[in-house]
$ cat coords27.csv   # CSV, C-alpha atoms and all ligand atoms
chain,number,residue,atom,x,y,z
A,1,MET,CA,-7.7,30.1,53.3
A,2,SER,CA,-9.0,26.5,53.5
A,3,ALA,CA,-7.2,24.2,51.1
A,4,ILE,CA,-8.9,21.6,49.0
A,5,VAL,CA,-7.9,18.2,50.4
A,6,ILE,CA,-7.0,15.9,47.5
A,7,ASP,CA,-8.7,12.5,47.9
A,8,GLY,CA,-6.0,10.0,46.9
A,9,PHE,CA,-8.2,7.2,48.1
A,10,SER,CA,-10.9,7.8,45.5
A,11,VAL,CA,-8.5,8.7,42.7
A,12,ALA,CA,-6.7,5.4,43.4
A,13,ALA,CA,-10.0,3.5,43.4
A,14,SER,CA,-10.8,4.9,39.9
A,15,VAL,CA,-7.3,3.9,38.6
A,16,ARG,CA,-7.9,0.3,40.0
A,17,ALA,CA,-11.3,0.2,38.3
A,18,ARG,CA,-9.8,1.1,34.9
A,19,VAL,CA,-7.1,-1.5,35.4
A,20,ALA,CA,-9.7,-4.1,36.4
A,21,GLU,CA,-11.5,-3.5,33.1
A,22,SER,CA,-8.3,-4.0,31.0
A,23,VAL,CA,-7.4,-7.1,33.0
A,24,GLY,CA,-10.8,-8.5,32.1
A,25,ALA,CA,-10.1,-7.8,28.4
A,26,LEU,CA,-6.6,-9.5,28.6
A,27,ARG,CA,-8.1,-12.5,30.4
A,28,SER,CA,-10.7,-13.0,27.7
A,29,ARG,CA,-7.7,-13.3,25.3
A,30,GLY,CA,-6.2,-16.0,27.6
A,31,VAL,CA,-3.6,-13.8,29.3
A,32,GLU,CA,-3.7,-13.9,33.1
A,33,PRO,CA,-1.7,-10.9,34.4
A,34,CYS,CA,0.4,-12.0,37.4
A,35,LEU,CA,2.6,-10.2,39.9
A,36,SER,CA,5.1,-11.8,42.2
A,37,VAL,CA,5.9,-9.8,45.4
A,38,ILE,CA,8.9,-11.1,47.3
A,39,LEU,CA,9.0,-10.3,51.0
A,40,VAL,CA,12.1,-11.2,53.0
A,41,GLY,CA,11.7,-11.1,56.8
A,42,GLU,CA,9.0,-9.6,59.1
A,43,ASP,CA,9.5,-5.8,59.0
A,44,PRO,CA,6.0,-4.7,60.2
A,45,ALA,CA,5.7,-1.8,57.7
A,46,SER,CA,6.7,-4.1,54.8
A,47,VAL,CA,4.3,-6.8,55.9
A,48,SER,CA,1.5,-4.2,55.9
A,49,TYR,CA,2.5,-2.8,52.4
A,50,VAL,CA,2.6,-6.4,51.0
A,51,THR,CA,-0.9,-7.1,52.4
A,52,GLY,CA,-2.1,-3.9,50.7
A,53,LYS,CA,-0.7,-5.1,47.4
A,54,ALA,CA,-2.3,-8.5,47.7
A,55,LYS,CA,-5.7,-6.9,48.4
A,56,ALA,CA,-5.3,-4.7,45.3
A,57,LEU,CA,-4.3,-7.6,43.1
A,58,ALA,CA,-7.4,-9.5,44.2
A,59,GLU,CA,-9.6,-6.4,43.5
A,60,VAL,CA,-8.3,-5.9,39.9
A,61,GLY,CA,-8.4,-9.6,39.1
A,62,MET,CA,-4.7,-10.3,38.8
A,63,LYS,CA,-2.9,-13.4,39.8
A,64,ASP,CA,-0.9,-13.1,43.0
A,65,ARG,CA,2.3,-15.1,43.2
A,66,SER,CA,3.6,-13.5,46.4
A,67,ILE,CA,6.5,-15.3,48.2
A,68,HIS,CA,7.3,-14.7,51.8
A,69,LEU,CA,10.9,-15.8,52.8
A,70,PRO,CA,12.5,-16.0,56.2
A,71,ALA,CA,14.9,-13.1,57.2
A,72,SER,CA,17.7,-15.7,57.2
A,73,THR,CA,17.4,-16.2,53.4
A,74,SER,CA,20.8,-15.8,51.7
A,75,GLU,CA,21.5,-13.4,48.9
A,76,ALA,CA,22.3,-16.3,46.6
A,77,GLU,CA,18.9,-17.9,47.4
A,78,LEU,CA,17.1,-14.7,46.6
A,79,LEU,CA,19.0,-14.1,43.4
A,80,SER,CA,18.2,-17.7,42.3
A,81,LEU,CA,14.5,-17.1,43.1
A,82,VAL,CA,14.5,-13.9,41.0
A,83,ALA,CA,16.2,-15.7,38.1
A,84,GLY,CA,13.4,-18.4,38.2
A,85,LEU,CA,10.7,-15.7,38.1
A,86,ASN,CA,12.5,-13.9,35.2
A,87,ALA,CA,12.4,-17.2,33.2
A,88,ASP,CA,8.7,-18.0,34.1
A,89,PRO,CA,6.4,-16.8,31.3
A,90,SER,CA,3.4,-16.9,33.5
A,91,VAL,CA,4.9,-14.1,35.8
A,92,HIS,CA,4.7,-10.6,34.3
A,93,GLY,CA,5.9,-8.4,37.2
A,94,ILE,CA,8.5,-8.9,39.9
A,95,LEU,CA,8.7,-6.7,43.0
A,96,VAL,CA,11.2,-7.2,45.8
A,97,GLN,CA,9.9,-5.4,48.9
A,98,LEU,CA,12.5,-3.1,50.3
A,99,PRO,CA,14.3,-2.8,52.7
A,100,LEU,CA,16.0,-6.1,52.6
A,101,PRO,CA,17.9,-7.6,55.5
A,102,ARG,CA,21.4,-6.1,55.9
A,103,HIS,CA,23.2,-9.2,54.7
A,104,ILE,CA,21.6,-8.9,51.2
A,105,ASP,CA,22.9,-6.3,48.7
A,106,GLU,CA,19.7,-4.5,47.5
A,107,SER,CA,21.2,-3.1,44.4
A,108,LYS,CA,22.4,-6.6,43.3
A,109,VAL,CA,18.9,-7.9,43.7
A,110,ILE,CA,17.3,-5.0,41.8
A,111,MET,CA,19.8,-5.4,39.0
A,112,ALA,CA,18.9,-9.1,38.8
A,113,ILE,CA,15.3,-8.4,37.9
A,114,ASP,CA,14.5,-8.6,34.1
A,115,PRO,CA,13.8,-4.9,33.1
A,116,ALA,CA,10.7,-6.2,31.2
A,117,LYS,CA,9.2,-7.3,34.5
A,118,ASP,CA,10.6,-4.4,36.6
A,119,VAL,CA,7.2,-3.0,37.7
A,120,ASP,CA,8.7,-1.0,40.5
A,121,GLY,CA,10.8,0.9,38.0
A,122,PHE,CA,14.0,0.7,40.1
A,123,HIS,CA,16.3,-1.2,37.7
A,124,PRO,CA,19.0,1.1,36.2
A,125,ALA,CA,17.5,0.4,32.7
A,126,SER,CA,14.1,1.7,33.8
A,127,VAL,CA,15.7,4.8,35.5
A,128,GLY,CA,17.8,5.5,32.4
A,129,ASN,CA,14.8,5.3,30.2
A,130,MET,CA,12.8,7.6,32.5
A,131,VAL,CA,15.6,10.2,32.4
A,132,LEU,CA,15.7,9.9,28.6
A,133,GLU,CA,11.9,10.3,28.3
A,134,ARG,CA,11.7,6.9,26.6
A,135,PRO,CA,8.9,4.3,27.3
A,136,CYS,CA,9.5,2.5,30.6
A,137,PHE,CA,7.9,1.5,33.9
A,138,LEU,CA,7.7,4.7,36.0
A,139,PRO,CA,8.3,4.4,39.7
A,140,CYS,CA,5.0,4.0,41.4
A,141,THR,CA,5.0,6.7,44.1
A,142,PRO,CA,6.2,9.7,42.0
A,143,HIS,CA,4.0,8.5,39.1
A,144,GLY,CA,1.1,8.4,41.5
A,145,VAL,CA,1.9,12.0,42.6
A,146,LEU,CA,1.7,13.1,38.9
A,147,VAL,CA,-1.7,11.5,38.5
A,148,LEU,CA,-3.0,13.2,41.6
A,149,LEU,CA,-1.8,16.6,40.4
A,150,ARG,CA,-3.5,16.0,37.0
A,151,GLU,CA,-6.7,14.8,38.6
A,152,ALA,CA,-6.8,17.8,40.9
A,153,GLY,CA,-6.3,20.1,37.9
A,154,ILE,CA,-3.0,21.5,39.2
A,155,ALA,CA,-0.9,22.7,36.3
A,156,THR,CA,2.8,21.8,36.3
A,157,LYS,CA,3.8,23.7,33.2
A,158,GLY,CA,5.9,26.7,34.2
A,159,ALA,CA,5.3,26.0,37.9
A,160,HIS,CA,8.1,26.1,40.4
A,161,ALA,CA,8.2,22.7,42.0
A,162,VAL,CA,10.3,22.1,45.1
A,163,VAL,CA,11.0,18.5,46.0
A,164,VAL,CA,12.3,17.9,49.5
A,165,GLY,CA,14.1,14.6,49.5
A,166,ARG,CA,16.4,12.9,47.0
A,167,SER,CA,15.9,9.1,47.7
A,168,ASN,CA,16.2,6.8,44.7
A,169,ILE,CA,12.6,5.7,45.1
A,170,VAL,CA,10.8,9.0,45.7
A,171,GLY,CA,12.6,12.3,45.7
A,172,LYS,CA,15.0,11.8,42.8
A,173,PRO,CA,12.6,10.3,40.3
A,174,MET,CA,9.9,12.9,41.4
A,175,SER,CA,12.3,15.7,40.5
A,176,ILE,CA,13.1,14.1,37.1
A,177,LEU,CA,9.5,13.5,36.2
A,178,LEU,CA,8.4,17.0,37.1
A,179,SER,CA,11.2,18.5,34.9
A,180,ARG,CA,10.5,16.3,31.9
A,181,ARG,CA,8.9,18.0,28.9
A,182,ASP,CA,5.5,16.5,29.5
A,183,CYS,CA,5.3,18.2,33.0
A,184,ASN,CA,7.5,21.2,32.2
A,185,ALA,CA,8.0,22.4,35.8
A,186,THR,CA,11.0,24.2,37.0
A,187,VAL,CA,12.4,22.0,39.8
A,188,THR,CA,14.4,22.6,42.9
A,189,VAL,CA,15.6,19.6,44.9
A,190,CYS,CA,16.3,20.0,48.6
A,191,HIS,CA,18.1,17.6,51.0
A,192,THR,CA,20.1,17.6,54.2
A,193,GLY,CA,22.8,19.6,52.5
A,194,THR,CA,20.3,22.5,51.7
A,195,ARG,CA,21.0,25.7,53.6
A,196,ASP,CA,17.8,27.4,54.8
A,197,LEU,CA,15.2,24.9,53.6
A,198,ALA,CA,12.3,27.3,54.3
A,199,SER,CA,13.7,29.9,51.8
A,200,PHE,CA,13.2,27.3,49.1
A,201,THR,CA,10.0,25.7,50.2
A,202,ARG,CA,8.4,29.2,50.4
A,203,GLN,CA,9.0,29.7,46.7
A,204,ALA,CA,7.2,26.5,45.7
A,205,ASP,CA,4.0,26.6,43.6
A,206,ILE,CA,4.1,22.8,44.0
A,207,LEU,CA,5.8,21.4,47.2
A,208,VAL,CA,6.5,17.7,47.4
A,209,ALA,CA,7.6,16.5,50.8
A,210,ALA,CA,9.4,13.1,50.8
A,211,ILE,CA,11.5,13.4,53.9
A,212,GLY,CA,10.5,10.8,56.4
A,213,LYS,CA,10.2,13.2,59.4
A,214,PRO,CA,6.8,13.8,61.0
A,215,ARG,CA,5.5,17.3,60.3
A,216,ALA,CA,8.9,18.7,59.2
A,217,ILE,CA,7.1,21.1,56.8
A,218,THR,CA,5.4,23.7,59.0
A,219,GLY,CA,2.8,26.3,57.9
A,220,ASP,CA,5.3,29.1,57.7
A,221,MET,CA,7.4,27.1,55.1
A,222,ILE,CA,4.5,27.1,52.6
A,223,LYS,CA,3.8,29.7,50.0
A,224,PRO,CA,0.2,31.0,50.2
A,225,GLY,CA,-1.9,29.2,47.5
A,226,ALA,CA,0.6,26.4,46.9
A,227,ALA,CA,-0.2,22.8,46.1
A,228,VAL,CA,1.3,20.6,48.9
A,229,ILE,CA,1.9,16.9,48.2
A,230,ASP,CA,2.8,14.9,51.3
A,231,VAL,CA,4.6,11.6,50.5
A,232,GLY,CA,5.7,11.0,54.1
A,233,VAL,CA,4.3,8.1,56.1
A,234,ASN,CA,5.5,8.3,59.7
A,235,ARG,CA,4.4,6.3,62.7
A,236,VAL,CA,4.0,8.4,65.9
A,237,GLU,CA,3.1,7.1,69.3
A,238,ASP,CA,-0.6,7.6,70.2
A,239,PRO,CA,-1.7,5.7,73.3
A,240,SER,CA,-5.3,6.5,72.4
A,241,ALA,CA,-5.1,4.7,69.1
A,242,LYS,CA,-6.0,1.0,68.9
A,243,ARG,CA,-2.5,0.0,67.6
A,244,GLY,CA,-0.7,2.4,69.9
A,245,TYR,CA,0.4,4.6,67.0
A,246,ARG,CA,-1.0,6.6,64.2
A,247,LEU,CA,0.3,7.7,60.8
A,248,VAL,CA,1.2,11.3,60.0
A,249,GLY,CA,2.9,12.8,57.0
A,250,ASP,CA,6.0,15.1,56.6
A,251,VAL,CA,3.7,18.1,56.6
A,252,ASP,CA,1.8,19.8,59.4
A,253,PHE,CA,-1.5,19.0,57.7
A,254,GLU,CA,-3.7,21.4,59.7
A,255,ALA,CA,-1.3,24.3,59.2
A,256,ALA,CA,-1.0,23.5,55.5
A,257,CYS,CA,-4.8,23.6,55.1
A,258,GLU,CA,-4.7,27.2,56.3
A,259,VAL,CA,-2.1,28.4,53.8
A,260,ALA,CA,-2.1,26.2,50.8
A,261,SER,CA,-4.7,25.8,48.0
A,262,PHE,CA,-4.4,22.0,47.7
A,263,VAL,CA,-3.1,19.5,50.3
A,264,THR,CA,-2.9,15.7,50.3
A,265,PRO,CA,-3.8,14.0,53.6
A,266,VAL,CA,-1.9,11.1,55.3
A,267,PRO,CA,-3.3,8.5,55.2
A,268,ARG,CA,-5.6,8.4,52.1
A,269,GLY,CA,-3.4,10.7,50.0
A,270,VAL,CA,-0.3,9.5,48.1
A,271,GLY,CA,-0.2,6.0,49.7
A,272,PRO,CA,-3.1,4.4,47.9
A,273,MET,CA,-1.8,5.9,44.6
A,274,THR,CA,1.5,4.0,44.9
A,275,ILE,CA,-0.4,0.6,44.9
A,276,ALA,CA,-2.7,1.7,42.2
A,277,MET,CA,0.2,2.6,39.9
A,278,LEU,CA,1.8,-0.7,40.7
A,279,MET,CA,-1.4,-2.4,39.3
A,280,GLU,CA,-1.1,-0.2,36.2
A,281,ASN,CA,2.5,-1.2,35.7
A,282,THR,CA,1.8,-4.9,36.1
A,283,LEU,CA,-1.0,-4.6,33.5
A,284,LEU,CA,1.4,-2.8,31.2
A,285,ALA,CA,4.0,-5.6,31.7
A,286,ALA,CA,1.4,-8.3,31.0
A,287,THR,CA,0.2,-6.5,27.9
A,288,ARG,CA,3.8,-6.0,26.5
A,289,LEU,CA,5.1,-9.5,27.4
A,290,SER,CA,2.0,-11.2,26.0
A,291,ALA,CA,2.2,-9.2,22.7
A,292,ALA,CA,5.9,-10.0,22.5
A,293,GLY,CA,5.1,-13.8,22.9
A,294,GLU,CA,2.4,-13.8,20.2
A,301,LIG,P1,14.7,8.3,52.6
A,301,LIG,O1,15.4,7.4,51.8
A,301,LIG,O2,15.0,8.3,54.1
A,301,LIG,O3,15.0,9.8,52.1
A,301,LIG,C1,14.7,11.0,52.8
A,301,LIG,C2,15.2,12.2,52.0
A,301,LIG,O4,14.8,13.3,52.8
A,301,LIG,C3,16.7,12.2,51.9
A,301,LIG,O5,17.1,12.6,50.6
A,301,LIG,C4,17.2,13.2,52.9
A,301,LIG,O6,18.3,13.9,52.5
A,301,LIG,C5,16.0,14.1,53.0
A,301,LIG,N1,15.9,14.8,54.3
A,301,LIG,C6,15.8,14.2,55.5
A,301,LIG,N2,15.8,15.1,56.5
A,301,LIG,C7,15.8,16.3,55.9
A,301,LIG,C8,15.8,17.6,56.3
A,301,LIG,N3,15.7,17.9,57.6
A,301,LIG,N4,15.8,18.6,55.4
A,301,LIG,C9,15.9,18.4,54.1
A,301,LIG,N5,15.9,17.1,53.6
A,301,LIG,C10,15.9,16.1,54.5
A,301,LIG,O7,13.1,8.3,52.5
A,301,LIG,P2,12.2,7.9,51.3
A,301,LIG,O8,12.2,6.4,51.0
A,301,LIG,O9,12.4,8.8,50.2
A,301,LIG,O10,10.7,8.2,52.0
A,301,LIG,C11,10.4,9.5,52.4
A,301,LIG,C12,9.1,9.4,53.1
A,301,LIG,O11,8.1,8.9,52.2
A,301,LIG,C13,9.0,8.4,54.3
A,301,LIG,O12,8.2,8.9,55.3
A,301,LIG,C14,8.4,7.1,53.7
A,301,LIG,O13,7.8,6.3,54.6
A,301,LIG,C15,7.4,7.8,52.7
A,301,LIG,N6,7.1,6.9,51.5
A,301,LIG,C16,5.8,6.9,51.2
A,301,LIG,C17,5.4,6.2,50.1
A,301,LIG,C18,3.9,6.2,49.8
A,301,LIG,O14,3.5,5.3,49.0
A,301,LIG,N7,3.2,7.1,50.3
A,301,LIG,C19,6.3,5.5,49.3
A,301,LIG,C20,7.7,5.6,49.7
A,301,LIG,C21,8.1,6.3,50.8
A,301,LIG,P3,19.8,13.2,52.3
A,301,LIG,O15,19.7,12.6,50.9
A,301,LIG,O16,20.7,14.4,52.3
A,301,LIG,O17,20.0,12.3,53.4
$ encode --input "coords27.csv" --output "structure tokens"
Amino acid sequence: MSAIVIDGFSVAASVRARVAESVGALRSRGVEPCLSVILVGEDPASVSYVTGKAKALAEVGMKDRSIHLPASTSEAELLSLVAGLNADPSVHGILVQLPLPRHIDESKVIMAIDPAKDVDGFHPASVGNMVLERPCFLPCTPHGVLVLLREAGIATKGAHAVVVGRSNIVGKPMSILLSRRDCNATVTVCHTGTRDLASFTRQADILVAAIGKPRAITGDMIKPGAAVIDVGVNRVEDPSAKRGYRLVGDVDFEAACEVASFVTPVPRGVGPMTIAMLMENTLLAATRLSAAGE
């Protein structure tokens, strides 16, 4: 079998194109959608994610109010910055790039963001609304996975979805979204406490890997004909690469291509979707906040 490789890069480009059109319509009504991304410190992966977000904002025509603070920034300083952005009507979305330096309590900062501007969907109010199937900002990475599944024509209804990983930003919301009535999948969640991981992954019609371990999912762990979504982004040393490393996913891609019916690549799979969904959430925030202010 040779799997269909899902092109997240082009699906993300079409999401951004749709967002750009709506941004144009909002601008013609005098609303300038604006996102503030706050980066604290110099973590190389975070710097690269923030650069990607700035590029996407420019592409869709949104205002970029990104703020880069030194790693020595105190928790109180960061909380006061967030409070200022909450109160600023020209800012529609606030995203604090994680991880934060150790001396700052991440959950305190997330809780400080106004839920109406919580475009990452990490505030407990957003998470609660997601669980209750009420309108909210969906977390960007799992939401991006749902859009990829839909665009590739992969049916979730009645499917057995196995999610490996239960982090608050990927695995947990992914499993909740797949089990909501609009997806209607039967979901199994696996983690480090799971005994015999392969016995579960081999049952998956849809397998989502969000582990953070290069090529942890091998070909023999995949059910023939499954759809395999690889969320992992891992740097592995590669002296032949210009930067000395290359990015690989949590799935052995070549082996998965032999067994599965659909596979997402790394890079150009889930990654670009995360940023595209962030643009969509910021557009939604600007639309709601401007309507509330009219
Ligand atoms: P994380 O917070 O480290 O969570 C990893 C999860 O995987 C945990 O729940 C952990 O279980 C589970 N796990 C680890 N080793 C396992 C094993 N051997 N067997 C079963 N479960 C195992 O990571 P994350 O933030 O969710 O990110 C996961 C991956 O996705 C990373 O590579 C990250 O870079 C990538 N990512 C990509 C995007 C994107 O846009 N493409 C966005 C976010 C993250 P425990 O809970 O028991 O520890």
$ closest_residue --input "coords27.csv" --among "A:Ala204, A:Ile229, A:Val37, A:Ile104" --to "A:Gly171" --atoms "all atoms listed in the file"
A:Ile229
$ residues_near_point --input "coords27.csv" --point "(-7.9, 4.4, 47.1)" --cutoff "6 Å" --atoms "only C-alpha atoms" --output "list in words"
Gly8, Phe9, Ser10, Ala12, Ala13 and Pro272 of chain A
$ write_last_selection --input "coords27.csv" --atoms "C-alpha atoms" --output "mmCIF file, keeping the file's coordinate frame"
data_model
loop_
_atom_site.group_PDB
_atom_site.id
_atom_site.type_symbol
_atom_site.label_atom_id
_atom_site.label_comp_id
_atom_site.auth_asym_id
_atom_site.auth_seq_id
_atom_site.Cartn_x
_atom_site.Cartn_y
_atom_site.Cartn_z
ATOM 1 C CA GLY A 8 -6.000 10.000 46.900
ATOM 2 C CA PHE A 9 -8.200 7.200 48.100
ATOM 3 C CA SER A 10 -10.900 7.800 45.500
ATOM 4 C CA ALA A 12 -6.700 5.400 43.400
ATOM 5 C CA ALA A 13 -10.000 3.500 43.400
ATOM 6 C CA PRO A 272 -3.100 4.400 47.900
#
$ closest_residue --input "coords27.csv" --among "A:Glu32, A:Glu254, A:Asp230, A:Asp220" --to "ligand LIG 301 (chain A)" --atoms "all atoms listed in the file"
A:Asp230
$ residues_near_ligand --input "coords27.csv" --ligand "ligand LIG 301 (chain A)" --cutoff "9 Å" --atoms "all atoms listed in the file" --output "JSON, numbers by chain"
{"A": [45, 49, 140, 141, 142, 144, 164, 165, 166, 167, 168, 169, 170, 171, 172, 190, 191, 192, 193, 194, 195, 197, 209, 210, 211, 212, 213, 214, 216, 230, 231, 232, 233, 234, 235, 248, 249, 250, 266, 267, 269, 270, 271, 272, 273, 274, 275]}
$ residues_around --input "coords27.csv" --residues "A:Ala161" --least-positions-apart "2" --cutoff "9 Å" --atoms "all atoms listed in the file" --output "number ranges by chain"
A: 156, 159, 163, 175, 178-179, 185-189, 201, 203-208
$ write_last_selection --input "coords27.csv" --atoms "C-alpha atoms" --output "compact mmCIF listing (two decimals), in the frame of the given file"
# COMPACT_ATOMS: atom_id res chain seq x y z
CA THR A 156 2.80 21.80 36.30
CA ALA A 159 5.30 26.00 37.90
CA VAL A 163 11.00 18.50 46.00
CA SER A 175 12.30 15.70 40.50
CA LEU A 178 8.40 17.00 37.10
CA SER A 179 11.20 18.50 34.90
CA ALA A 185 8.00 22.40 35.80
CA THR A 186 11.00 24.20 37.00
CA VAL A 187 12.40 22.00 39.80
CA THR A 188 14.40 22.60 42.90
CA VAL A 189 15.60 19.60 44.90
CA THR A 201 10.00 25.70 50.20
CA GLN A 203 9.00 29.70 46.70
CA ALA A 204 7.20 26.50 45.70
CA ASP A 205 4.00 26.60 43.60
CA ILE A 206 4.10 22.80 44.00
CA LEU A 207 5.80 21.40 47.20
CA VAL A 208 6.50 17.70 47.40
$ residues_around --input "coords27.csv" --residues "A:Ala152" --least-positions-apart "3" --cutoff "10 Å" --atoms "all atoms listed in the file" --output "PyMOL selection string"
chain A and resi 4-8+11+146-149+155+227+262
$ atom_distance --input "coords27.csv" --atom1 "atom CA of A:Val228" --atom2 "atom CA of A:Leu278"
22.8 Å
$ atom_distance --input "coords27.csv" --atom1 "atom CA of A:Asp43" --atom2 "atom CA of A:Leu98"
9.6 Å
